[in-house]
Amino acid sequence: MIEHPSVHIAPQLVTTIRSLAAEAEGLKQLHPQQLQLIYEQRWFQLFVPKAYQGLELDLPNALQLEEALAWTDGSLGWTVTLCAGAGWFVGFLDKALAAVIFSDRRNCLAGSGKASGIARQTATGYTITGHWDYATGANHATAFTANCIIEVDGQLLKNMDGSPVVQSFLLLPNEVTIHKSWKQVGMLATGSNSFEANNIVVDKNRTFLINSNHAILEQPIYQFPFLQFAETTLAVNSSGMAMRFLDICKPLLQSKSPTIHASLTAGIQHLEDARKIFYATATRSWKACIAYNSIDAQLLQELSYASKQLAYTARRVVDELYPYCGMQAANPETEINRVWRNLHTASQHSLFNG
């Protein structure tokens, strides 16, 4: 049996974070005290090297912590996961630029993976214009990452297969405009707002490629394929939230029929089975990455499948039990409803709804 998420986070931190969750929803961003805890624990720097004051966690330990944070509160767990995931880009950034960006222990990177910007190449760098949606943590970000298609002399730069060349860029808060566009039913406190840039001129060192062949730092985590890195970290958010739903669900179903009790028991087991397969596959993949600086295609396929199955199982288990939880589950002021809304909003991420 895989350890419960509560093993990986101090009880006093859980209490503080949850006590502020409802207020954070009202603020439409993490509560200042929640952010202070994140800064103190350096959770935004899960994958940042110790040389840059980061935690430099390996992937299995980071996944367990991210699951624990999502179990504590979905919005906080998601924000840490997405911003720490953007912090992972430190492995691909120009070292001089990284030293500046990560010198502040409150650094937090927000961004978007969609190539919805244009970077026009100049003699010394690029001129960037674009609009990017769903930048989790935008309100307190110290830098933004944005994907752009590349234009050279008025023509789009293309790959051998005819697709446009896409590069990632790092932008600063004074170079973007944030739009308070996040109005979804759940994950309200993530502040996943949009941002735009209008003819911002940047130097060449502001661009980077998210590919193991272009890693600047040598730690194994930067050799881990980005797709599976993203899938695994998002999947544990779903499982963490589902486990919290089950915790709250148990006392609500005490007086229900044996059939409903059996559904609860089965749901708990199904989620545990999915977690077991997921963590075993993630650990095998990480060990391969350490040993060979690469992971074979078959194992990567297994990891992608295990990640999607974990996210799917988490949602399915919650959906099967939700109708039996009574009106409390339908009240947006209760924790169980907040967990339900957060989980279903997270499930709409493009990696898991295709």
# chains A, B, ... in the order shown; residues from 1 in each chain; ligands from 1
call {"tool": "select_by_dssp", "arguments": {"residues": "stretch 70-282 of chain A", "states": "strand (DSSP E or B)", "output": "JSON, numbers by chain"}}
result
{"A": [109, 110, 111, 112, 113, 114, 115, 116, 117, 118, 119, 120, 121, 125, 126, 127, 128, 129, 130, 131, 132, 133, 134, 135, 143, 144, 145, 146, 147, 148, 149, 150, 151, 152, 155, 156, 158, 164, 166, 167, 168, 169, 170, 171, 177, 178, 179, 193, 194, 195, 196, 197, 198, 199, 200, 201, 202, 203, 207, 208]}
call {"tool": "residues_around", "arguments": {"residues": "A:Val339", "least_positions_apart": "6", "cutoff": "8 Å", "atoms": "only C-alpha atoms", "output": "PyMOL selection string"}}
result
chain A and resi 73-74+241-242+244-245
call {"tool": "atom_distance", "arguments": {"atom1": "atom CA of A:Ile216", "atom2": "atom CA of A:Ala119"}}
result
22.2 Å
call {"tool": "residues_around", "arguments": {"residues": "A:Leu310", "least_positions_apart": "2", "cutoff": "8 Å", "atoms": "only C-alpha atoms", "output": "list in words"}}
result
Ala235, Val236, Ser238, Ser239, Leu271, Ala274, Arg275, Phe278, Ala306, Ser307, Lys308, Tyr312, Thr313 and Ala314 of chain A
call {"tool": "residues_around", "arguments": {"residues": "stretch 26-39 of chain A", "least_positions_apart": "2", "cutoff": "10 Å", "atoms": "only C-alpha atoms", "output": "JSON, numbers by chain"}}
result
{"A": [13, 16, 17, 18, 19, 20, 21, 22, 23, 24, 41, 42, 43, 44, 45, 75, 76, 79, 80, 105, 106, 107, 108, 136, 137, 138, 139, 140, 180, 182, 183, 187, 188, 189, 190, 191, 192, 193]}
call {"tool": "write_last_selection", "arguments": {"atoms": "N, CA and C atoms", "output": "mmCIF file, in the first residue's frame"}}
result
data_model
loop_
_atom_site.group_PDB
_atom_site.id
_atom_site.type_symbol
_atom_site.label_atom_id
_atom_site.label_comp_id
_atom_site.auth_asym_id
_atom_site.auth_seq_id
_atom_site.Cartn_x
_atom_site.Cartn_y
_atom_site.Cartn_z
ATOM 1 N N LEU A 13 1.035 22.515 9.082
ATOM 2 C CA LEU A 13 0.945 23.169 7.779
ATOM 3 C C LEU A 13 -0.406 22.882 7.127
ATOM 4 N N THR A 16 -3.093 25.069 8.821
ATOM 5 C CA THR A 16 -3.021 26.475 8.415
ATOM 6 C C THR A 16 -3.518 26.670 6.992
ATOM 7 N N ILE A 17 -3.063 25.836 6.080
ATOM 8 C CA ILE A 17 -3.459 25.971 4.675
ATOM 9 C C ILE A 17 -4.970 25.816 4.512
ATOM 10 N N ARG A 18 -5.546 24.805 5.149
ATOM 11 C CA ARG A 18 -6.989 24.569 5.005
ATOM 12 C C ARG A 18 -7.818 25.661 5.665
ATOM 13 N N SER A 19 -7.309 26.225 6.749
ATOM 14 C CA SER A 19 -8.071 27.266 7.442
ATOM 15 C C SER A 19 -8.200 28.528 6.602
ATOM 16 N N LEU A 20 -7.345 28.680 5.601
ATOM 17 C CA LEU A 20 -7.340 29.879 4.751
ATOM 18 C C LEU A 20 -7.913 29.629 3.360
ATOM 19 N N ALA A 21 -8.303 28.374 3.088
ATOM 20 C CA ALA A 21 -8.707 28.001 1.724
ATOM 21 C C ALA A 21 -9.954 28.742 1.254
ATOM 22 N N ALA A 22 -10.957 28.858 2.118
ATOM 23 C CA ALA A 22 -12.190 29.537 1.719
ATOM 24 C C ALA A 22 -11.931 31.017 1.453
ATOM 25 N N GLU A 23 -11.127 31.638 2.297
ATOM 26 C CA GLU A 23 -10.803 33.050 2.096
ATOM 27 C C GLU A 23 -10.002 33.239 0.807
ATOM 28 N N ALA A 24 -9.118 32.299 0.511
ATOM 29 C CA ALA A 24 -8.332 32.382 -0.722
ATOM 30 C C ALA A 24 -9.246 32.339 -1.948
ATOM 31 N N GLN A 41 8.846 27.183 2.880
ATOM 32 C CA GLN A 41 9.125 25.774 2.581
ATOM 33 C C GLN A 41 9.843 25.594 1.252
ATOM 34 N N ARG A 42 9.933 26.658 0.455
ATOM 35 C CA ARG A 42 10.572 26.643 -0.864
ATOM 36 C C ARG A 42 9.879 25.675 -1.831
ATOM 37 N N TRP A 43 8.578 25.600 -1.723
ATOM 38 C CA TRP A 43 7.832 24.665 -2.570
ATOM 39 C C TRP A 43 7.823 25.078 -4.038
ATOM 40 N N PHE A 44 7.958 26.363 -4.334
ATOM 41 C CA PHE A 44 8.031 26.774 -5.733
ATOM 42 C C PHE A 44 9.358 26.349 -6.374
ATOM 43 N N GLN A 45 10.317 25.939 -5.544
ATOM 44 C CA GLN A 45 11.638 25.556 -6.031
ATOM 45 C C GLN A 45 11.902 24.052 -5.872
ATOM 46 N N SER A 75 -6.270 24.038 -4.742
ATOM 47 C CA SER A 75 -5.761 25.248 -5.380
ATOM 48 C C SER A 75 -4.290 25.471 -5.047
ATOM 49 N N LEU A 76 -3.922 25.276 -3.789
ATOM 50 C CA LEU A 76 -2.525 25.467 -3.411
ATOM 51 C C LEU A 76 -1.638 24.404 -4.059
ATOM 52 N N THR A 79 -1.223 25.203 -7.755
ATOM 53 C CA THR A 79 -0.362 26.365 -7.964
ATOM 54 C C THR A 79 1.103 26.005 -7.755
ATOM 55 N N VAL A 80 1.387 25.272 -6.687
ATOM 56 C CA VAL A 80 2.763 24.847 -6.455
ATOM 57 C C VAL A 80 3.247 23.970 -7.608
ATOM 58 N N ARG A 105 14.344 34.235 -3.117
ATOM 59 C CA ARG A 105 13.721 33.004 -2.626
ATOM 60 C C ARG A 105 12.207 33.018 -2.802
ATOM 61 N N ARG A 106 11.647 34.151 -3.150
ATOM 62 C CA ARG A 106 10.217 34.232 -3.424
ATOM 63 C C ARG A 106 9.934 34.067 -4.918
ATOM 64 N N ASN A 107 10.928 33.672 -5.674
ATOM 65 C CA ASN A 107 10.706 33.585 -7.118
ATOM 66 C C ASN A 107 9.627 32.556 -7.437
ATOM 67 N N CYS A 108 8.813 32.920 -8.400
ATOM 68 C CA CYS A 108 7.709 32.057 -8.839
ATOM 69 C C CYS A 108 7.496 32.299 -10.319
ATOM 70 N N THR A 136 -1.277 29.881 -14.240
ATOM 71 C CA THR A 136 -1.470 29.671 -12.807
ATOM 72 C C THR A 136 -0.409 30.427 -12.009
ATOM 73 N N GLY A 137 -0.877 31.170 -10.997
ATOM 74 C CA GLY A 137 0.032 31.933 -10.153
ATOM 75 C C GLY A 137 0.450 33.265 -10.735
ATOM 76 N N ALA A 138 -0.247 33.720 -11.767
ATOM 77 C CA ALA A 138 0.151 34.955 -12.456
ATOM 78 C C ALA A 138 0.227 36.154 -11.524
ATOM 79 N N ASN A 139 -0.672 36.211 -10.529
ATOM 80 C CA ASN A 139 -0.750 37.403 -9.679
ATOM 81 C C ASN A 139 0.485 37.612 -8.813
ATOM 82 N N HIS A 140 1.204 36.544 -8.511
ATOM 83 C CA HIS A 140 2.392 36.689 -7.659
ATOM 84 C C HIS A 140 3.655 36.188 -8.371
ATOM 85 N N LYS A 180 -7.476 39.683 -15.479
ATOM 86 C CA LYS A 180 -8.190 38.867 -14.489
ATOM 87 C C LYS A 180 -9.286 38.062 -15.192
ATOM 88 N N TRP A 182 -9.663 34.558 -15.035
ATOM 89 C CA TRP A 182 -9.923 33.225 -14.478
ATOM 90 C C TRP A 182 -11.266 33.225 -13.745
ATOM 91 N N LYS A 183 -12.290 32.613 -14.354
ATOM 92 C CA LYS A 183 -13.649 32.634 -13.798
ATOM 93 C C LYS A 183 -14.277 31.244 -13.771
ATOM 94 N N MET A 187 -10.821 25.681 -8.654
ATOM 95 C CA MET A 187 -9.450 26.177 -8.631
ATOM 96 C C MET A 187 -9.414 27.703 -8.613
ATOM 97 N N LEU A 188 -10.372 28.293 -7.912
ATOM 98 C CA LEU A 188 -10.503 29.741 -7.930
ATOM 99 C C LEU A 188 -9.277 30.441 -7.363
ATOM 100 N N ALA A 189 -8.661 29.831 -6.348
ATOM 101 C CA ALA A 189 -7.538 30.490 -5.683
ATOM 102 C C ALA A 189 -6.218 30.339 -6.430
ATOM 103 N N THR A 190 -6.225 29.657 -7.567
ATOM 104 C CA THR A 190 -4.979 29.534 -8.330
ATOM 105 C C THR A 190 -4.651 30.816 -9.086
ATOM 106 N N GLY A 191 -5.649 31.682 -9.265
ATOM 107 C CA GLY A 191 -5.412 32.915 -10.009
ATOM 108 C C GLY A 191 -4.833 32.655 -11.382
ATOM 109 N N SER A 192 -5.378 31.669 -12.088
ATOM 110 C CA SER A 192 -4.822 31.268 -13.388
ATOM 111 C C SER A 192 -5.259 32.232 -14.490
ATOM 112 N N ASN A 193 -4.812 33.457 -14.354
ATOM 113 C CA ASN A 193 -5.211 34.514 -15.269
ATOM 114 C C ASN A 193 -4.386 34.500 -16.555
#
call {"tool": "residues_around", "arguments": {"residues": "A:Gly130", "least_positions_apart": "5", "cutoff": "9 Å", "atoms": "only C-alpha atoms", "output": "PyMOL selection string"}}
result
chain A and resi 115-119+146+148+195-199
call {"tool": "closest_residue", "arguments": {"among": "A:Val14, A:Ser212, A:Glu40, A:Leu97", "to": "A:Gly77", "atoms": "only C-alpha atoms"}}
result
A:Val14
call {"tool": "residues_around", "arguments": {"residues": "A:Leu156", "least_positions_apart": "6", "cutoff": "9 Å", "atoms": "only C-alpha atoms", "output": "ChimeraX atom specification"}}
result
/A:120,149-150,164-165
